[in-house]
file data28.txt (compact mmCIF, C-alpha atoms)
# COMPACT_ATOMS: atom_id res chain seq x y z
CA MET A 1 0.00 0.00 0.00
CA LEU A 2 2.97 2.31 0.04
CA SER A 3 2.68 2.83 -3.70
CA GLU A 4 -0.34 3.67 -5.79
CA PRO A 5 -1.59 0.54 -7.59
CA ARG A 6 -1.32 0.61 -11.36
CA SER A 7 -5.00 -0.29 -11.54
CA GLY A 8 -5.76 2.85 -9.53
CA ARG A 9 -3.89 5.08 -11.96
CA LEU A 10 -5.52 3.43 -14.96
CA ALA A 11 -9.03 3.69 -13.51
CA ALA A 12 -8.68 7.25 -12.19
CA TRP A 13 -7.13 8.79 -15.28
CA GLY A 14 -9.15 6.57 -17.61
CA ASN A 15 -12.31 7.88 -15.95
CA ALA A 16 -11.08 11.46 -16.31
CA LEU A 17 -10.41 10.83 -20.00
CA LEU A 18 -13.77 9.14 -20.64
CA ALA A 19 -15.53 12.08 -18.98
CA GLY A 20 -13.57 14.66 -20.96
CA PHE A 21 -11.62 16.17 -18.05
CA VAL A 22 -8.16 15.40 -19.52
CA SER A 23 -6.61 14.81 -22.94
CA PRO A 24 -5.51 11.34 -24.11
CA ASP A 25 -1.84 12.36 -23.91
CA ASP A 26 -2.16 13.63 -20.33
CA ALA A 27 -4.04 10.51 -19.27
CA VAL A 28 -1.44 8.17 -20.76
CA VAL A 29 1.46 10.03 -19.13
CA ALA A 30 -0.25 9.84 -15.72
CA ILE A 31 -1.14 6.16 -16.08
CA VAL A 32 2.33 5.06 -17.20
CA GLY A 33 4.03 7.05 -14.44
CA GLU A 34 7.60 5.83 -13.94
CA ASP A 35 7.11 2.71 -16.07
CA ALA A 36 8.56 2.58 -19.57
CA VAL A 37 5.43 1.63 -21.50
CA HIS A 38 1.94 0.18 -21.06
CA ARG A 39 0.10 -1.84 -23.71
CA VAL A 40 -3.25 -3.63 -23.84
CA ALA A 41 -3.52 -7.17 -25.25
CA GLY A 42 -6.65 -9.10 -26.18
CA LEU A 43 -8.73 -6.02 -26.97
CA PRO A 44 -11.72 -6.89 -29.18
CA GLY A 45 -10.98 -6.00 -32.79
CA GLU A 46 -7.20 -6.02 -32.35
CA THR A 47 -4.83 -8.84 -33.30
CA GLY A 48 -1.99 -7.77 -30.98
CA PRO A 49 -1.11 -5.44 -28.13
CA VAL A 50 -1.96 -1.75 -28.63
CA GLY A 51 -1.09 1.48 -26.86
CA LEU A 52 -3.13 2.92 -24.00
CA SER A 53 -4.56 5.81 -25.97
CA LEU A 54 -5.97 3.55 -28.68
CA ALA A 55 -7.15 1.01 -26.08
CA LEU A 56 -9.07 3.57 -24.01
CA GLY A 57 -10.66 4.97 -27.16
CA ARG A 58 -11.68 1.47 -28.27
CA LEU A 59 -13.18 0.70 -24.85
CA ARG A 60 -15.24 3.88 -25.10
CA THR A 61 -16.47 2.80 -28.56
CA LEU A 62 -17.37 -0.62 -27.17
CA GLY A 63 -19.57 1.05 -24.53
CA ALA A 64 -17.33 1.65 -21.53
CA THR A 65 -18.53 4.65 -19.52
CA GLY A 66 -16.25 4.18 -16.53
CA LEU A 67 -13.56 2.06 -14.90
CA ARG A 68 -13.58 0.39 -11.49
CA VAL A 69 -10.69 -0.98 -9.43
CA ALA A 70 -10.40 -4.41 -7.83
CA LEU A 71 -7.73 -5.18 -5.22
CA PRO A 72 -8.33 -8.84 -4.33
CA ALA A 73 -6.43 -10.88 -1.77
CA PRO A 74 -6.68 -14.58 -0.81
CA GLY A 75 -10.14 -15.13 0.63
CA HIS A 76 -11.22 -11.58 -0.24
CA PRO A 77 -12.34 -11.01 -3.89
CA LEU A 78 -12.56 -7.26 -3.33
CA GLY A 79 -14.06 -5.49 -6.34
CA LEU A 80 -14.47 -8.63 -8.47
CA SER A 81 -17.65 -10.05 -9.99
CA GLY A 82 -16.39 -13.08 -11.94
CA PRO A 83 -16.06 -15.22 -13.90
CA PRO A 84 -13.60 -17.53 -12.10
CA ASP A 85 -10.93 -17.22 -14.80
CA PHE A 86 -10.82 -13.44 -14.53
CA ASN A 87 -10.93 -13.59 -10.73
CA ALA A 88 -7.99 -16.01 -10.66
CA ARG A 89 -5.89 -13.78 -12.95
CA ALA A 90 -6.76 -10.72 -10.88
CA LEU A 91 -5.95 -12.49 -7.62
CA GLU A 92 -2.55 -13.52 -8.99
CA ALA A 93 -1.81 -9.91 -9.98
CA GLU A 94 -3.44 -8.61 -6.77
CA GLU A 95 -5.27 -5.97 -8.81
CA ALA A 96 -7.47 -5.42 -11.86
CA VAL A 97 -9.64 -2.86 -13.61
CA VAL A 98 -13.27 -3.68 -14.45
CA CYS A 99 -15.10 -1.70 -17.13
CA HIS A 100 -18.53 -0.22 -16.47
CA GLY A 101 -20.85 -0.37 -19.48
CA VAL A 102 -19.13 -3.26 -21.26
CA ALA A 103 -18.33 -6.73 -19.89
CA LEU A 104 -14.55 -6.46 -20.05
CA GLY A 105 -11.77 -6.27 -17.50
CA LEU A 106 -8.03 -5.59 -17.54
CA VAL A 107 -5.37 -7.45 -15.54
CA PRO A 108 -1.77 -6.21 -15.54
CA GLU A 109 1.29 -8.34 -16.19
CA VAL A 110 4.55 -6.62 -15.27
CA TYR A 111 7.88 -7.28 -16.98
CA GLU A 112 11.12 -5.98 -15.45
CA ALA A 113 14.61 -6.00 -16.94
CA GLY A 114 17.93 -4.34 -16.17
CA PRO A 115 20.24 -3.91 -13.18
CA ASP A 116 19.30 -2.39 -9.83
CA GLY A 117 18.85 1.34 -10.16
CA ASP A 118 18.12 1.11 -13.88
CA VAL A 119 15.16 -1.26 -14.10
CA HIS A 120 13.07 -1.08 -17.29
CA VAL A 121 9.40 -1.81 -16.55
CA GLU A 122 6.83 -2.72 -19.19
CA VAL A 123 3.19 -3.49 -18.38
CA VAL A 124 0.80 -5.50 -20.51
CA TRP A 125 -2.87 -5.22 -19.57
CA HIS A 126 -4.72 -8.40 -20.57
CA CYS A 127 -8.29 -7.66 -21.66
CA LEU A 128 -10.67 -10.43 -20.60
CA PRO A 129 -14.44 -10.97 -20.35
CA VAL A 130 -16.06 -10.27 -16.97
CA ARG A 131 -19.45 -10.94 -15.47
CA GLU A 132 -21.76 -7.94 -15.31
CA ALA A 133 -22.66 -7.91 -11.61
CA PRO A 134 -22.08 -5.69 -8.57
CA PRO A 135 -18.43 -5.75 -7.40
CA ALA A 136 -17.74 -7.77 -4.27
CA ASP A 137 -17.47 -6.08 -0.86
CA VAL A 138 -16.95 -2.47 -1.99
CA PRO A 139 -18.28 0.03 0.59
CA SER A 140 -19.63 3.50 -0.03
CA LEU A 141 -17.29 6.42 0.60
CA GLY A 142 -19.10 7.24 3.83
CA GLU A 143 -18.84 3.65 5.07
CA ALA A 144 -15.17 3.48 4.10
CA GLU A 145 -14.34 6.69 5.96
CA ARG A 146 -16.06 5.50 9.15
CA GLU A 147 -14.46 2.06 8.96
CA LEU A 148 -11.00 3.55 8.47
CA ALA A 149 -11.31 5.73 11.56
CA GLU A 150 -12.50 2.80 13.68
CA ALA A 151 -9.88 0.37 12.37
CA LEU A 152 -7.07 2.86 12.89
CA ARG A 153 -8.15 3.52 16.47
CA ASP A 154 -8.47 -0.18 17.33
CA ALA A 155 -5.17 -1.13 15.69
CA THR A 156 -3.26 1.72 17.32
CA GLU A 157 -4.49 0.59 20.73
CA VAL A 158 -3.47 -3.05 20.17
CA LEU A 159 -0.12 -2.25 18.55
CA SER A 160 0.79 0.22 21.28
CA ARG A 161 0.02 -2.40 23.91
CA LEU A 162 2.34 -4.84 22.10
CA ASP A 163 4.98 -2.12 21.63
CA VAL A 164 5.06 -2.70 17.88
CA ALA A 165 3.58 0.50 16.55
CA GLY A 166 5.95 1.77 13.87
CA SER A 167 8.82 3.66 15.48
CA GLY A 168 12.54 4.10 15.08
CA PRO A 169 14.65 5.11 12.08
CA VAL A 170 13.15 2.58 9.64
CA ALA A 171 9.62 3.73 10.33
CA GLU A 172 10.61 7.40 10.23
CA ALA A 173 12.34 6.92 6.88
CA ALA A 174 9.24 5.25 5.44
CA ILE A 175 6.99 8.04 6.68
CA ASP A 176 9.36 10.70 5.30
CA ALA A 177 9.37 8.94 1.93
CA TYR A 178 5.57 8.86 1.91
CA ARG A 179 5.36 12.57 2.70
CA ALA A 180 7.91 13.43 0.02
CA ARG A 181 6.00 11.40 -2.55
CA ALA A 182 2.70 13.00 -1.59
CA GLU A 183 4.21 16.49 -1.93
CA ARG A 184 5.81 15.61 -5.27
CA ASP A 185 2.74 13.96 -6.80
CA GLY A 186 0.32 16.58 -5.52
CA GLU A 187 -3.05 15.29 -6.71
CA VAL A 188 -3.82 11.80 -5.41
CA LEU A 189 -6.71 11.33 -7.85
CA ALA A 190 -7.46 12.52 -11.36
CA PRO A 191 -9.56 15.60 -12.16
CA GLY A 192 -13.32 15.12 -11.74
CA TYR A 193 -13.23 13.04 -8.56
CA PRO A 194 -15.24 14.22 -5.53
CA SER A 195 -13.24 15.75 -2.68
CA ARG A 196 -14.44 13.05 -0.30
CA ALA A 197 -12.86 10.38 -2.51
CA VAL A 198 -9.55 12.25 -2.38
CA ARG A 199 -9.78 12.40 1.41
CA VAL A 200 -10.65 8.71 1.76
CA LEU A 201 -7.85 7.63 -0.59
CA ALA A 202 -5.25 9.71 1.25
CA LEU A 203 -6.37 8.28 4.60
CA SER A 204 -6.36 4.71 3.27
CA GLN A 205 -2.81 5.20 2.00
CA ARG A 206 -1.68 6.53 5.37
CA VAL A 207 -3.28 3.57 7.13
CA GLY A 208 -1.64 1.22 4.65
CA LEU A 209 1.68 2.86 5.39
CA LEU A 210 1.29 2.22 9.13
CA VAL A 211 0.43 -1.41 8.45
CA SER A 212 3.48 -1.84 6.19
CA VAL A 213 5.77 -0.20 8.73
CA ALA A 214 4.40 -2.36 11.55
CA TYR A 215 4.89 -5.54 9.51
CA GLY A 216 8.35 -4.55 8.34
CA ASN A 217 9.69 -3.18 11.62
CA GLY A 218 10.87 -6.51 12.99
CA PRO A 219 9.26 -8.31 15.94
CA GLY A 220 9.30 -5.14 18.09
CA GLY A 221 8.14 -5.88 21.60
CA ALA A 222 6.22 -8.98 20.49
CA VAL A 223 8.88 -11.43 21.65
CA SER A 224 6.62 -14.45 22.03
CA ALA A 225 4.79 -16.37 19.34
CA SER A 226 1.46 -15.49 20.90
CA GLU A 227 2.28 -11.78 20.89
CA MET A 228 3.41 -11.88 17.27
CA ALA A 229 0.18 -13.70 16.39
CA ALA A 230 -1.73 -10.97 18.21
CA ARG A 231 0.00 -8.34 16.10
CA SER A 232 -0.98 -10.16 12.90
CA GLU A 233 -4.55 -10.44 14.13
CA ALA A 234 -4.58 -6.69 14.81
CA LEU A 235 -3.12 -5.76 11.44
CA ARG A 236 -5.13 -8.10 9.22
CA PRO A 237 -8.51 -6.36 9.54
CA VAL A 238 -6.87 -2.93 9.30
CA GLU A 239 -5.15 -3.85 6.04
CA ARG A 240 -8.44 -5.24 4.72
CA THR A 241 -10.29 -2.07 5.70
CA ALA A 242 -7.65 0.13 4.03
CA ARG A 243 -7.90 -1.87 0.79
CA ARG A 244 -11.71 -1.61 0.82
CA ALA A 245 -11.48 2.15 1.33
CA GLN A 246 -8.92 2.50 -1.44
CA VAL A 247 -11.22 0.70 -3.87
CA ALA A 248 -14.20 2.80 -2.75
CA ALA A 249 -12.23 5.97 -3.46
CA TYR A 250 -11.13 4.93 -6.95
CA ASN A 251 -14.64 3.69 -7.77
CA ALA A 252 -16.38 6.84 -6.55
CA PHE A 253 -16.35 8.36 -10.03
CA VAL A 254 -18.45 5.50 -11.44
CA GLU A 255 -20.66 5.30 -8.35
CA GLU A 256 -21.58 8.97 -8.69
CA ARG A 257 -22.37 8.49 -12.37
CA GLU A 258 -24.67 5.56 -11.52
CA ARG A 259 -26.52 7.73 -8.99
CA GLY A 260 -26.90 10.48 -11.57
CA VAL A 261 -24.66 12.95 -9.72
CA ARG A 262 -22.59 13.62 -12.85
call {"tool": "encode", "arguments": {"input": "data28.txt", "output": "structure tokens"}}
result
Amino acid sequence: MLSEPRSGRLAAWGNALLAGFVSPDDAVVAIVGEDAVHRVAGLPGETGPVGLSLALGRLRTLGATGLRVALPAPGHPLGLSGPPDFNARALEAEEAVVCHGVALGLVPEVYEAGPDGDVHVEVVWHCLPVREAPPADVPSLGEAERELAEALRDATEVLSRLDVAGSGPVAEAAIDAYRARAERDGEVLAPGYPSRAVRVLALSQRVGLLVSVAYGNGPGGAVSASEMAARSEALRPVERTARRAQVAAYNAFVEERERGVR
């Protein structure tokens, strides 16, 4: 959760493009980010992989009016609606984008090459059929915001009792890096998103950061197996809640359109 998922960038900026808030060039630059190139394979009407700009235009022609995010984990098909083949591919990638208006979804496959410090990253989005049904376990923005506040409070209490709340130089470095990235990137969502979605996404990313720091900060004060198990039990629902909130934020654009807000 320290980094923005590629599916989030694709959905957010794809939605902004479909709604006419940004140009195709600006959307592609934002989606690709620090990667070298993104292509889409398996798009109806195409015999091979195509660029993002052409792919987003083709999806619009096919009937796509919006893009949703899925961030599944084992036992938690968050944002998915089937069929099993698509769900399995999305679970393996730990993310996917599901089109609204046409029964298609996109699952990323990441290719990396080159030495440390000079890694060349290419992403191929595989276009696959999906089931047209409500996405699994995605809360409303209001629900997500309330759940985040409750989960953060409960987890902070448990982690403090176990003396494993993120602290020390490793945790401080991670938090500094997060703040620097937030200041550099500025906007956490694409133009056209409601302010509440921006707020929920930022909070979910901060909660995800705390979870990552707590997991990666060594055993801390949890010196016994039972105490370490207690930490995992405390973190698991918080991580789940943060993922649900993140999906709710990215999907807010489509949810508002369905309610006739935009």
call {"tool": "closest_residue", "arguments": {"input": "data28.txt", "among": "A:Val198, A:Leu152, A:Ala242, A:Ala27", "to": "Pro139 of chain A", "atoms": "only C-alpha atoms"}}
result
A:Ala242
call {"tool": "residues_around", "arguments": {"input": "data28.txt", "residues": "Gln246 of chain A", "least_positions_apart": "3", "cutoff": "6 Å", "atoms": "all atoms listed in the file", "output": "count of residues only"}}
result
4
call {"tool": "atom_distance", "arguments": {"input": "data28.txt", "atom1": "atom CA of Glu157 of chain A", "atom2": "atom CA of Leu141 of chain A"}}
result
24.6 Å
call {"tool": "atom_distance", "arguments": {"input": "data28.txt", "atom1": "atom CA of Glu92 of chain A", "atom2": "atom CA of Leu80 of chain A"}}
result
12.9 Å
call {"tool": "axis_aligned_box", "arguments": {"input": "data28.txt", "around": "segment 200-209 of chain A", "padding_each_side": "8 Å", "output": "JSON"}}
result
{"center_x": -4.5, "center_y": 5.5, "center_z": 3.3, "size_x": 28.3, "size_y": 24.5, "size_z": 23.7}
call {"tool": "closest_residue", "arguments": {"input": "data28.txt", "among": "A:Leu67, A:Ala93, A:Val200, A:Leu59", "to": "Glu147 of chain A", "atoms": "all atoms listed in the file"}}
result
A:Val200
call {"tool": "atom_distance", "arguments": {"input": "data28.txt", "atom1": "atom CA of Leu17 of chain A", "atom2": "atom CA of Ala136 of chain A"}}
result
25.4 Å
call {"tool": "residues_around", "arguments": {"input": "data28.txt", "residues": "Leu18 of chain A", "least_positions_apart": "5", "cutoff": "9 Å", "atoms": "only C-alpha atoms", "output": "PDB file with C-alpha atoms, in the coordinates of the input"}}
result
ATOM      1  CA  TRP A  13      -7.130   8.790 -15.280  1.00  0.00           C
ATOM      2  CA  LEU A  56      -9.070   3.570 -24.010  1.00  0.00           C
ATOM      3  CA  GLY A  57     -10.660   4.970 -27.160  1.00  0.00           C
ATOM      4  CA  ARG A  60     -15.240   3.880 -25.100  1.00  0.00           C
ATOM      5  CA  ALA A  64     -17.330   1.650 -21.530  1.00  0.00           C
ATOM      6  CA  THR A  65     -18.530   4.650 -19.520  1.00  0.00           C
ATOM      7  CA  GLY A  66     -16.250   4.180 -16.530  1.00  0.00           C
TER       8      GLY A  66
END
call {"tool": "residues_around", "arguments": {"input": "data28.txt", "residues": "Ala90 of chain A", "least_positions_apart": "2", "cutoff": "9 Å", "atoms": "all atoms listed in the file", "output": "list of chain:residue names"}}
result
A:Ala70, A:Leu71, A:Pro72, A:Pro77, A:Leu80, A:Asp85, A:Phe86, A:Asn87, A:Ala88, A:Glu92, A:Ala93, A:Glu94, A:Glu95, A:Ala96, A:Val97, A:Leu106, A:Val107, A:Pro108
call {"tool": "residues_around", "arguments": {"input": "data28.txt", "residues": "Thr61 of chain A", "least_positions_apart": "5", "cutoff": "12 Å", "atoms": "all atoms listed in the file", "output": "ChimeraX atom specification"}}
result
/A:18,43-45,54-56,101-102
call {"tool": "write_last_selection", "arguments": {"input": "data28.txt", "atoms": "C-alpha atoms", "output": "mmCIF file, in the coordinates of the input"}}
result
data_model
loop_
_atom_site.group_PDB
_atom_site.id
_atom_site.type_symbol
_atom_site.label_atom_id
_atom_site.label_comp_id
_atom_site.auth_asym_id
_atom_site.auth_seq_id
_atom_site.Cartn_x
_atom_site.Cartn_y
_atom_site.Cartn_z
ATOM 1 C CA LEU A 18 -13.770 9.140 -20.640
ATOM 2 C CA LEU A 43 -8.730 -6.020 -26.970
ATOM 3 C CA PRO A 44 -11.720 -6.890 -29.180
ATOM 4 C CA GLY A 45 -10.980 -6.000 -32.790
ATOM 5 C CA LEU A 54 -5.970 3.550 -28.680
ATOM 6 C CA ALA A 55 -7.150 1.010 -26.080
ATOM 7 C CA LEU A 56 -9.070 3.570 -24.010
ATOM 8 C CA GLY A 101 -20.850 -0.370 -19.480
ATOM 9 C CA VAL A 102 -19.130 -3.260 -21.260
#
call {"tool": "closest_residue", "arguments": {"input": "data28.txt", "among": "A:Pro74, A:Arg68, A:Ala151, A:Gly192", "to": "Gly20 of chain A", "atoms": "all atoms listed in the file"}}
result
A:Gly192
call {"tool": "residues_around", "arguments": {"input": "data28.txt", "residues": "Arg6 of chain A", "least_positions_apart": "3", "cutoff": "9 Å", "atoms": "all atoms listed in the file", "output": "PyMOL selection string"}}
result
chain A and resi 3+9-11+31-33+95-96+108
call {"tool": "write_last_selection", "arguments": {"input": "data28.txt", "atoms": "C-alpha atoms", "output": "JSON list (two decimals), keeping the file's coordinate frame"}}
result
[["chain", "number", "residue", "atom", "x", "y", "z"],
["A", 3, "SER", "CA", 2.68, 2.83, -3.70],
["A", 9, "ARG", "CA", -3.89, 5.08, -11.96],
["A", 10, "LEU", "CA", -5.52, 3.43, -14.96],
["A", 11, "ALA", "CA", -9.03, 3.69, -13.51],
["A", 31, "ILE", "CA", -1.14, 6.16, -16.08],
["A", 32, "VAL", "CA", 2.33, 5.06, -17.20],
["A", 33, "GLY", "CA", 4.03, 7.05, -14.44],
["A", 95, "GLU", "CA", -5.27, -5.97, -8.81],
["A", 96, "ALA", "CA", -7.47, -5.42, -11.86],
["A", 108, "PRO", "CA", -1.77, -6.21, -15.54]]
call {"tool": "closest_residue", "arguments": {"input": "data28.txt", "among": "A:Ser232, A:Ser195, A:Thr156, A:Ser53", "to": "Tyr250 of chain A", "atoms": "all atoms listed in the file"}}
result
A:Ser195
call {"tool": "closest_residue", "arguments": {"input": "data28.txt", "among": "A:Ala197, A:Val238, A:Val254, A:Ala149", "to": "Pro135 of chain A", "atoms": "only C-alpha atoms"}}
result
A:Val254
call {"tool": "closest_residue", "arguments": {"input": "data28.txt", "among": "A:His76, A:Arg196, A:His100, A:Arg259", "to": "Val130 of chain A", "atoms": "only C-alpha atoms"}}
result
A:His100
call {"tool": "closest_atom_pairs", "arguments": {"input": "data28.txt", "of": "segment 11-72 of chain A", "to": "segment 125-128 of chain A", "cutoff": "6 Å", "atoms": "all atoms listed in the file", "output": "Markdown table"}}
result
| residue | atom | partner | partner_atom | distance |
| --- | --- | --- | --- | --- |
| A:Val40 | CA | A:Trp125 | CA | 4.6 |
| A:Ala41 | CA | A:His126 | CA | 5.0 |
| A:Gly42 | CA | A:Cys127 | CA | 5.0 |
| A:Leu43 | CA | A:Cys127 | CA | 5.6 |
